[in-house]
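This report concerns only the one structure given below.
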Amino acid sequence: METMTEAPPTHGVEVRRPEVARHERSDLATLEPFIGNELETSRANAVISIRELDLSYGEKQALHRISMEILPRRVTALIGPSGCGKSTLLRCLNRMNDLIDGVRISGKVLFEGTDIYAPEIDVTELRKRFGMVFQKSNPFPKSIYENVVYGLRIQGVRNKAVLDEACERSLTRAALWDEVKDRLNESGLSLSGGQMQRLCIARAIAVNPEVVLMDEPASALDPIATAKIEELIYELKEHYTIVIVTHNMQQAARVSEFTAFFMLGRLVEYDRTGKIFTNPAQKITEDYITGRFG
Amino acid sequence: MARSGKKFESGGPFIWLTGAALAACLLMIVGLVGVVAPRALAALWPDRLVEITLVDGKKYVVALLAREPIPAASEGAGEPGSRVQVRLGNRDLYGLDFRWIPESQIVSRRSPPDAVLVERQEYGPFQGYLRKVVQGEEAASAGSGPFERLAPLLEEARERSRRLRRLEKRDIGAVNYRIEQKRLELRAIRQEGPAARAAARNLIVEIEAEVKQLERRYETLRERANRLKVENERAQVTLADANGEEKTLPVSSIVRIFRPNRLDLLGRLKVYFSRLGEFIADEPRESNTEGGVFPAIFGTVMMVVIMSAAVMPFGVLAALYLREYARQGPLVRAVRIAVNNLAGVPSIVFGVFGLGFFVYLTGGAIDRLFYSERLPDPTFKTGGILWASLTLALLTVPVVIVATEESLAAVPRGARDGSYALGATKWQTIRRIVLPAAAPGILTGLILAMARGAGEVAPLMITGVVKLAQDLPFDPNPPFLHFERKFMHLGFHIYDVGFQSPNVEAAKPMVYLTTLLLLAVIVALNLTAILVRERLRRKLRTATF
């Protein structure tokens, strides 16, 4: 009701949208997503396969028939304008959307061949195989050490040596060890913004996940902290499959090897990053990348 | 109009309004403490004694308390002037110990250095002169002054009284307690029916022998106590009031004796702190108007502790369900409103509920199941510290629920999501992330609940508070904590001493002191909780840049 008063009166007429966007909306429903050849042929290697995924929040459909493969030990970027469903899709991969009331999902997400939405799947066990980094860094109100080993403690690890080792390894991989090794007992909330986000990355990789999901991990950070995170992502792909949602196209271009472009809940184009940014197959992708809307 | 509107919009008057509201709150608090604290602290100060002679030739050794103009209507003779309030003391001689005397009736006043103030176990203070000290047969007054001779005797008597008390309270008390336990054991066996009785014949004989032994022990202890008592009666002092009327009493009945007009500042301070110590650490005398309030302090603190132990888990669990597990909807909203309204139910209603539910229903059931050998004497089916504490826990549970719910809601979603994303279950997330982060807020709720509970009196009056409790609810007899016992409470003590006491004037200082003490106890309990909260906060400290 409150938003009604803020919007200009419509008098039953469809609100005018920017010209390009209106054009897209009617077009998108019939548009066939363009999938790069390389991705089409590598289906067998995919670590995650999304098949015909529909998702709606109550009445509102947020994802329309998404089908895509995510390749192991690669960085896959999901880009698109706000509200295009890229974060929603990311949260489908480790079933974080289950926590939201009124979410309905159909279709399949195969993780190493198993449908993660099958009824016999234990959600908590599934999530242990993923690491997740959020847009807003969210260290627990605990010490730095406890933040990093939280996932292991959840899994029941009690051995101090194992925890210590995991803490040092993860913090080193997250390029934070040298900065915090002398104050592991201080609160995780006492770090700077960039350090907090790296702490969250360390926390996510401490459990040795197979896939790391990142939801705009650098959007709240200054350029220097962002550069550090990007460098880190680049190194982490040695060990992990990474899916990153980003608002920032330069960032996608810098860190990812594959990029999927979404628009209004639909996959528009998915290809090698280089190709998407230099020679997109779809007109809409080009419009977005060149900044004609978005 | 436009101008004034602008002035208002600038916010200037609003600053004054908010400031004034705060100032009013502060004034009320300062006013309350300002009324209570000086009177309470002055109540123990030893005042000077004055010997006054009245027009009818009678003399009194008095302490002057107040002076006021005589209200015109009250004095039939119509003589204008002022009157003074005096403490006469010597209640056993005069019948009343406080009096207003018109100043016109006072012929002369003097300040005799030898006037003594004797605080006694009975009949309140004696104000007059020390005549002689007698020990056994021989009079021991001649020679050095009686006051100097009294000091060692007083010390001896005190030591003996201490021994006597220990003997009566601890040793004889323990024997009595054990005899009672054995008697109940016997009753329990007898209740079980003839077959069981036959089977337990040997046991019965054994118990009876034990009882015999205990009774013999009781007799020896009793005898020892009696010897001490007789010993204590030997040393006597003779006192005289200003008119020369004498009064003889045993030295052991003297609590404190001193000559206030001879005391220097240090001496007065000594008396002051000795009285303060007595007030805090001793038991009441003279229907609570004298002595100390230790049992009431103990009862209050223990009640608040039991209440907190009951209300914390109960309130936190309820709030956890409401906030974390229940599906948010009209039903949960209705429950929440009901909980909030519960905080507005008059406390006496909770008292009545506590009496009906805890005392009669629960207590009755417990008695039937576990204490049937004591029936018809009730054990739990009567007011007691447990029932009073649980009633207060019910009364304060809304405060805890509301505070807990709010602090749970304030735990950021990000922290929860971070935990879930690592594969934590809901319970693991609540236990490891949500509850620790919400702990300071939950403690705030507990602080509020404690403040509310510690000051509440009405529901206690029907669920277990008494004006004078024989035993503390905690003593060295197993099972140490006696939840079924009645207890004393500072709040009720104020009511009882201030408004139910036969001697209102004598009780006045006690009322102020007890009020101040209750405030201090609440502040101390709250400070403890606040310190705990600060420690928690420091552990969870957020970034400060």
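Residue numbering restarts at 1 for every chain of the structure tokens, chains are lettered A, B, ... in their displayed order, and ligands are numbered from 1 as they appear.
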
Write out as a PyMOL selection string the set of residues from region 196-373 of chain B that DSSP, computed on the backbone, places in strand (DSSP E or B). chain B and resi 235-240+246-250+254-258+284-285+290-291

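For chain A, the residues close to chain B, meaning within 8 Å and counting only C-alpha atoms, are Asn94, Met96, Val123, Thr124, Glu125, Leu126, Arg127, Lys128, Phe130, Gly131, Met132, Val133, Phe134, Lys136, Ser137, Asn138, Pro139, Phe140, Pro141, Lys142, Gly151, Ile154, Ser187, Leu189, Ser190, Leu191, Ser192 and Ala204 of chain A.
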
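Our summary of the geometry notes that CA of Ala63 (chain B) is positioned 5.2 Å from CA of Arg87 (chain B).
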
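With CA of Gly19 (chain B) on one side and CA of Lys6 (chain B) on the other, the separation reads 20.3 Å.
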
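Computed from the coordinates, the CA of Arg39 (chain B) to CA of Thr515 (chain B) distance equals 10.6 Å.
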
Members of region 232-385 of chain B assigned helix (DSSP H, G or I) by DSSP, as a short mmCIF file (atom, residue, chain, number, x, y, z; two decimals) with N, CA and C atoms, in the first residue's frame:
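Printed below is selection.cif as written:
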data_model
loop_
_atom_site.label_atom_id
_atom_site.label_comp_id
_atom_site.auth_asym_id
_atom_site.auth_seq_id
_atom_site.Cartn_x
_atom_site.Cartn_y
_atom_site.Cartn_z
N ASN B 232 24.15 -16.35 83.06
CA ASN B 232 23.94 -15.04 82.46
C ASN B 232 23.06 -14.14 83.33
N GLU B 233 22.25 -14.77 84.20
CA GLU B 233 21.38 -13.95 85.05
C GLU B 233 22.13 -13.37 86.24
N ARG B 234 23.33 -13.89 86.52
CA ARG B 234 24.01 -13.52 87.77
C ARG B 234 24.41 -12.06 87.79
N VAL B 251 22.79 -8.17 82.97
CA VAL B 251 23.73 -7.59 82.01
C VAL B 251 23.54 -8.20 80.63
N SER B 252 23.16 -9.48 80.62
CA SER B 252 23.08 -10.16 79.33
C SER B 252 21.95 -9.61 78.46
N SER B 253 21.02 -8.88 79.06
CA SER B 253 19.93 -8.36 78.23
C SER B 253 20.28 -7.01 77.63
N PRO B 260 25.89 8.95 75.75
CA PRO B 260 25.96 9.72 74.50
C PRO B 260 26.53 11.12 74.68
N ASN B 261 26.32 11.72 75.86
CA ASN B 261 26.80 13.09 76.02
C ASN B 261 28.31 13.15 76.19
N ARG B 262 28.92 12.01 76.43
CA ARG B 262 30.38 12.01 76.62
C ARG B 262 31.13 11.57 75.36
N LEU B 265 33.43 12.39 68.41
CA LEU B 265 32.99 11.98 67.06
C LEU B 265 33.33 10.52 66.78
N LEU B 266 34.54 10.13 67.20
CA LEU B 266 34.97 8.75 66.93
C LEU B 266 34.06 7.77 67.65
N GLY B 267 33.74 8.12 68.91
CA GLY B 267 32.87 7.25 69.69
C GLY B 267 31.51 7.13 69.04
N ARG B 268 31.00 8.26 68.55
CA ARG B 268 29.70 8.23 67.90
C ARG B 268 29.74 7.38 66.64
N LEU B 269 30.83 7.53 65.89
CA LEU B 269 30.96 6.71 64.67
C LEU B 269 30.98 5.23 65.01
N LYS B 270 31.67 4.93 66.14
CA LYS B 270 31.73 3.52 66.55
C LYS B 270 30.33 3.00 66.82
N VAL B 271 29.55 3.79 67.58
CA VAL B 271 28.18 3.36 67.88
C VAL B 271 27.40 3.21 66.58
N TYR B 272 27.61 4.20 65.68
CA TYR B 272 26.88 4.21 64.41
C TYR B 272 27.13 2.92 63.64
N PHE B 273 28.41 2.58 63.51
CA PHE B 273 28.70 1.41 62.68
C PHE B 273 28.34 0.11 63.39
N SER B 274 28.44 0.14 64.72
CA SER B 274 28.00 -1.04 65.45
C SER B 274 26.50 -1.26 65.22
N ARG B 275 25.73 -0.16 65.24
CA ARG B 275 24.29 -0.28 64.99
C ARG B 275 24.02 -0.74 63.56
N LEU B 276 24.81 -0.19 62.62
CA LEU B 276 24.63 -0.57 61.20
C LEU B 276 24.89 -2.07 61.02
N GLY B 277 25.96 -2.53 61.69
CA GLY B 277 26.28 -3.95 61.60
C GLY B 277 25.16 -4.79 62.15
N GLU B 278 24.61 -4.35 63.29
CA GLU B 278 23.51 -5.08 63.90
C GLU B 278 22.31 -5.12 62.96
N PHE B 279 22.07 -3.98 62.32
CA PHE B 279 20.91 -3.88 61.42
C PHE B 279 21.01 -4.87 60.26
N ILE B 280 22.23 -4.96 59.72
CA ILE B 280 22.37 -5.79 58.53
C ILE B 280 22.50 -7.27 58.88
N ALA B 281 23.18 -7.56 60.01
CA ALA B 281 23.56 -8.95 60.23
C ALA B 281 22.75 -9.66 61.30
N PHE B 294 18.44 -9.19 58.93
CA PHE B 294 19.17 -10.17 58.13
C PHE B 294 18.27 -11.23 57.48
N PRO B 295 17.33 -11.79 58.25
CA PRO B 295 16.47 -12.81 57.60
C PRO B 295 15.70 -12.24 56.41
N ALA B 296 15.34 -10.97 56.49
CA ALA B 296 14.60 -10.38 55.37
C ALA B 296 15.50 -10.18 54.16
N ILE B 297 16.75 -9.75 54.41
CA ILE B 297 17.69 -9.62 53.29
C ILE B 297 17.88 -10.98 52.64
N PHE B 298 18.12 -11.96 53.50
CA PHE B 298 18.37 -13.31 52.99
C PHE B 298 17.18 -13.81 52.18
N GLY B 299 16.00 -13.62 52.75
CA GLY B 299 14.79 -14.09 52.06
C GLY B 299 14.61 -13.41 50.73
N THR B 300 14.83 -12.08 50.70
CA THR B 300 14.65 -11.33 49.46
C THR B 300 15.61 -11.83 48.38
N VAL B 301 16.88 -11.94 48.77
CA VAL B 301 17.88 -12.35 47.77
C VAL B 301 17.61 -13.77 47.28
N MET B 302 17.31 -14.65 48.23
CA MET B 302 17.08 -16.04 47.82
C MET B 302 15.86 -16.13 46.92
N MET B 303 14.82 -15.35 47.26
CA MET B 303 13.62 -15.38 46.43
C MET B 303 13.92 -14.90 45.02
N VAL B 304 14.69 -13.81 44.93
CA VAL B 304 15.00 -13.28 43.60
C VAL B 304 15.85 -14.29 42.81
N VAL B 305 16.75 -14.97 43.52
CA VAL B 305 17.59 -15.95 42.81
C VAL B 305 16.74 -17.10 42.28
N ILE B 306 15.84 -17.62 43.14
CA ILE B 306 14.99 -18.73 42.68
C ILE B 306 14.11 -18.25 41.53
N MET B 307 13.59 -17.03 41.70
CA MET B 307 12.73 -16.49 40.65
C MET B 307 13.48 -16.39 39.32
N SER B 308 14.71 -15.87 39.38
CA SER B 308 15.48 -15.73 38.15
C SER B 308 15.76 -17.10 37.54
N ALA B 309 16.11 -18.06 38.40
CA ALA B 309 16.41 -19.39 37.89
C ALA B 309 15.19 -20.00 37.22
N ALA B 310 14.00 -19.62 37.69
CA ALA B 310 12.79 -20.17 37.08
C ALA B 310 12.39 -19.40 35.84
N VAL B 311 12.52 -18.07 35.90
CA VAL B 311 11.96 -17.25 34.83
C VAL B 311 12.86 -17.25 33.60
N MET B 312 14.17 -17.39 33.81
CA MET B 312 15.08 -17.30 32.67
C MET B 312 14.85 -18.40 31.64
N PRO B 313 15.00 -19.67 32.03
CA PRO B 313 14.80 -20.72 31.01
C PRO B 313 13.39 -20.69 30.45
N PHE B 314 12.41 -20.49 31.31
CA PHE B 314 11.02 -20.50 30.91
C PHE B 314 10.76 -19.41 29.87
N GLY B 315 11.15 -18.19 30.21
CA GLY B 315 10.89 -17.06 29.31
C GLY B 315 11.68 -17.17 28.02
N VAL B 316 12.94 -17.58 28.14
CA VAL B 316 13.78 -17.66 26.94
C VAL B 316 13.27 -18.74 26.00
N LEU B 317 12.88 -19.89 26.56
CA LEU B 317 12.38 -20.96 25.70
C LEU B 317 11.09 -20.53 25.00
N ALA B 318 10.20 -19.89 25.77
CA ALA B 318 8.94 -19.45 25.17
C ALA B 318 9.21 -18.46 24.05
N ALA B 319 10.12 -17.52 24.30
CA ALA B 319 10.43 -16.51 23.28
C ALA B 319 11.08 -17.15 22.07
N LEU B 320 11.95 -18.13 22.31
CA LEU B 320 12.60 -18.83 21.19
C LEU B 320 11.55 -19.47 20.30
N TYR B 321 10.58 -20.13 20.92
CA TYR B 321 9.56 -20.77 20.10
C TYR B 321 8.78 -19.72 19.31
N LEU B 322 8.37 -18.67 20.03
CA LEU B 322 7.57 -17.63 19.38
C LEU B 322 8.30 -17.02 18.20
N ARG B 323 9.60 -16.74 18.37
CA ARG B 323 10.31 -15.98 17.36
C ARG B 323 10.95 -16.87 16.30
N GLU B 324 11.48 -18.02 16.73
CA GLU B 324 12.30 -18.81 15.80
C GLU B 324 11.53 -19.95 15.14
N TYR B 325 10.64 -20.59 15.90
CA TYR B 325 10.03 -21.80 15.35
C TYR B 325 8.61 -21.59 14.86
N PRO B 330 -1.45 -14.78 12.37
CA PRO B 330 -2.37 -14.16 13.33
C PRO B 330 -2.33 -14.83 14.70
N LEU B 331 -2.14 -16.15 14.72
CA LEU B 331 -2.13 -16.84 16.01
C LEU B 331 -0.96 -16.38 16.85
N VAL B 332 0.22 -16.34 16.24
CA VAL B 332 1.41 -15.91 16.98
C VAL B 332 1.26 -14.46 17.43
N ARG B 333 0.66 -13.65 16.56
CA ARG B 333 0.45 -12.25 16.95
C ARG B 333 -0.47 -12.16 18.16
N ALA B 334 -1.52 -12.99 18.14
CA ALA B 334 -2.46 -12.99 19.27
C ALA B 334 -1.75 -13.42 20.54
N VAL B 335 -0.91 -14.46 20.43
CA VAL B 335 -0.17 -14.92 21.61
C VAL B 335 0.72 -13.80 22.13
N ARG B 336 1.35 -13.10 21.19
CA ARG B 336 2.27 -12.03 21.60
C ARG B 336 1.51 -10.93 22.34
N ILE B 337 0.34 -10.59 21.83
CA ILE B 337 -0.46 -9.55 22.50
C ILE B 337 -0.87 -10.04 23.89
N ALA B 338 -1.26 -11.31 23.96
CA ALA B 338 -1.66 -11.86 25.25
C ALA B 338 -0.51 -11.79 26.25
N VAL B 339 0.69 -12.13 25.79
CA VAL B 339 1.86 -12.11 26.67
C VAL B 339 2.11 -10.68 27.17
N ASN B 340 2.01 -9.72 26.24
CA ASN B 340 2.23 -8.33 26.63
C ASN B 340 1.19 -7.89 27.65
N ASN B 341 -0.05 -8.33 27.45
CA ASN B 341 -1.09 -7.92 28.39
C ASN B 341 -0.91 -8.55 29.75
N LEU B 342 -0.31 -9.74 29.75
CA LEU B 342 -0.06 -10.42 31.02
C LEU B 342 0.76 -9.53 31.95
N SER B 347 -0.71 -7.42 40.26
CA SER B 347 0.13 -8.47 40.85
C SER B 347 -0.64 -9.30 41.86
N ILE B 348 -1.64 -8.70 42.50
CA ILE B 348 -2.38 -9.47 43.51
C ILE B 348 -3.13 -10.62 42.84
N VAL B 349 -3.50 -10.40 41.58
CA VAL B 349 -4.18 -11.47 40.84
C VAL B 349 -3.23 -12.65 40.64
N PHE B 350 -1.99 -12.32 40.34
CA PHE B 350 -0.98 -13.38 40.25
C PHE B 350 -0.84 -14.09 41.59
N GLY B 351 -0.90 -13.28 42.66
CA GLY B 351 -0.81 -13.87 44.00
C GLY B 351 -1.93 -14.88 44.23
N VAL B 352 -3.14 -14.49 43.87
CA VAL B 352 -4.29 -15.39 44.07
C VAL B 352 -4.11 -16.64 43.22
N PHE B 353 -3.64 -16.42 41.99
CA PHE B 353 -3.39 -17.58 41.13
C PHE B 353 -2.34 -18.49 41.75
N GLY B 354 -1.27 -17.88 42.24
CA GLY B 354 -0.20 -18.66 42.87
C GLY B 354 -0.73 -19.47 44.04
N LEU B 355 -1.59 -18.83 44.83
CA LEU B 355 -2.17 -19.51 45.99
C LEU B 355 -3.00 -20.70 45.53
N GLY B 356 -3.82 -20.48 44.52
CA GLY B 356 -4.70 -21.55 44.06
C GLY B 356 -3.93 -22.64 43.34
N PHE B 357 -3.07 -22.23 42.42
CA PHE B 357 -2.42 -23.23 41.57
C PHE B 357 -1.22 -23.88 42.27
N PHE B 358 -0.29 -23.03 42.73
CA PHE B 358 0.92 -23.60 43.32
C PHE B 358 0.65 -24.20 44.69
N VAL B 359 0.10 -23.36 45.59
CA VAL B 359 -0.02 -23.80 46.98
C VAL B 359 -1.04 -24.93 47.10
N TYR B 360 -2.28 -24.67 46.69
CA TYR B 360 -3.32 -25.67 46.95
C TYR B 360 -3.21 -26.86 46.02
N LEU B 361 -3.08 -26.58 44.73
CA LEU B 361 -3.13 -27.69 43.75
C LEU B 361 -1.80 -28.45 43.73
N THR B 362 -0.73 -27.73 43.33
CA THR B 362 0.57 -28.40 43.21
C THR B 362 1.08 -28.85 44.58
N GLY B 363 1.03 -27.92 45.54
CA GLY B 363 1.53 -28.23 46.87
C GLY B 363 0.74 -29.39 47.47
N GLY B 364 -0.59 -29.36 47.28
CA GLY B 364 -1.42 -30.43 47.81
C GLY B 364 -1.03 -31.77 47.22
N ALA B 365 -0.79 -31.77 45.90
CA ALA B 365 -0.41 -33.01 45.24
C ALA B 365 0.94 -33.50 45.76
N ILE B 366 1.89 -32.57 45.91
CA ILE B 366 3.22 -32.97 46.40
C ILE B 366 3.10 -33.56 47.80
N ASP B 367 2.30 -32.93 48.64
CA ASP B 367 2.14 -33.43 50.01
C ASP B 367 1.56 -34.84 50.01
N ARG B 368 0.54 -35.05 49.18
CA ARG B 368 -0.08 -36.37 49.15
C ARG B 368 0.90 -37.43 48.65
N LEU B 369 1.73 -37.04 47.67
CA LEU B 369 2.61 -38.03 47.06
C LEU B 369 3.86 -38.28 47.89
N PHE B 370 4.46 -37.22 48.41
CA PHE B 370 5.78 -37.39 49.02
C PHE B 370 5.81 -37.15 50.53
N SER B 372 3.16 -37.71 52.79
CA SER B 372 1.90 -38.14 53.37
C SER B 372 2.04 -38.42 54.86
N GLU B 373 3.27 -38.75 55.31
CA GLU B 373 3.43 -39.09 56.73
C GLU B 373 3.24 -37.86 57.62
N ARG B 374 3.36 -36.68 57.04
CA ARG B 374 3.24 -35.47 57.86
C ARG B 374 1.81 -34.96 57.93
N ILE B 385 8.75 -20.26 50.26
CA ILE B 385 9.61 -19.44 49.40
C ILE B 385 9.55 -19.92 47.96
#

For region 255-259 of chain A, work out the shell of residues within 7 Å, counting only C-alpha atoms and skipping chain neighbours fewer than 6 positions away, then give it as an mmCIF file with N, CA and C atoms, in the first residue's frame.
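Heads up, here's the output in part14.cif:
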data_model
loop_
_atom_site.group_PDB
_atom_site.id
_atom_site.type_symbol
_atom_site.label_atom_id
_atom_site.label_comp_id
_atom_site.auth_asym_id
_atom_site.auth_seq_id
_atom_site.Cartn_x
_atom_site.Cartn_y
_atom_site.Cartn_z
ATOM 1 N N ARG A 74 36.379 -23.880 -12.413
ATOM 2 C CA ARG A 74 36.287 -22.685 -13.253
ATOM 3 C C ARG A 74 35.554 -21.626 -12.455
ATOM 4 N N VAL A 75 35.745 -20.381 -12.865
ATOM 5 C CA VAL A 75 34.970 -19.309 -12.264
ATOM 6 C C VAL A 75 33.846 -18.971 -13.226
ATOM 7 N N THR A 76 32.623 -19.106 -12.758
ATOM 8 C CA THR A 76 31.474 -18.767 -13.582
ATOM 9 C C THR A 76 30.818 -17.523 -12.999
ATOM 10 N N ALA A 77 30.653 -16.511 -13.827
ATOM 11 C CA ALA A 77 30.041 -15.278 -13.331
ATOM 12 C C ALA A 77 28.602 -15.208 -13.794
ATOM 13 N N LEU A 78 27.721 -14.767 -12.887
ATOM 14 C CA LEU A 78 26.329 -14.534 -13.257
ATOM 15 C C LEU A 78 26.137 -13.021 -13.249
ATOM 16 N N GLU A 230 39.389 -9.920 -5.656
ATOM 17 C CA GLU A 230 39.438 -10.469 -7.019
ATOM 18 C C GLU A 230 40.671 -11.332 -7.222
ATOM 19 N N ILE A 233 40.003 -14.584 -5.636
ATOM 20 C CA ILE A 233 39.128 -15.463 -6.418
ATOM 21 C C ILE A 233 39.957 -16.157 -7.498
ATOM 22 N N TYR A 234 40.835 -15.380 -8.093
ATOM 23 C CA TYR A 234 41.672 -15.915 -9.149
ATOM 24 C C TYR A 234 42.509 -17.084 -8.650
ATOM 25 N N TYR A 270 25.038 -17.501 -22.384
ATOM 26 C CA TYR A 270 26.007 -18.120 -21.487
ATOM 27 C C TYR A 270 27.153 -18.596 -22.355
ATOM 28 N N ASP A 271 28.341 -18.044 -22.136
ATOM 29 C CA ASP A 271 29.450 -18.377 -23.020
ATOM 30 C C ASP A 271 30.749 -18.051 -22.312
ATOM 31 N N ARG A 272 31.844 -18.251 -23.027
ATOM 32 C CA ARG A 272 33.137 -17.823 -22.501
ATOM 33 C C ARG A 272 33.084 -16.325 -22.216
ATOM 34 N N THR A 273 33.707 -15.911 -21.146
ATOM 35 C CA THR A 273 33.641 -14.506 -20.762
ATOM 36 C C THR A 273 34.161 -13.613 -21.891
#
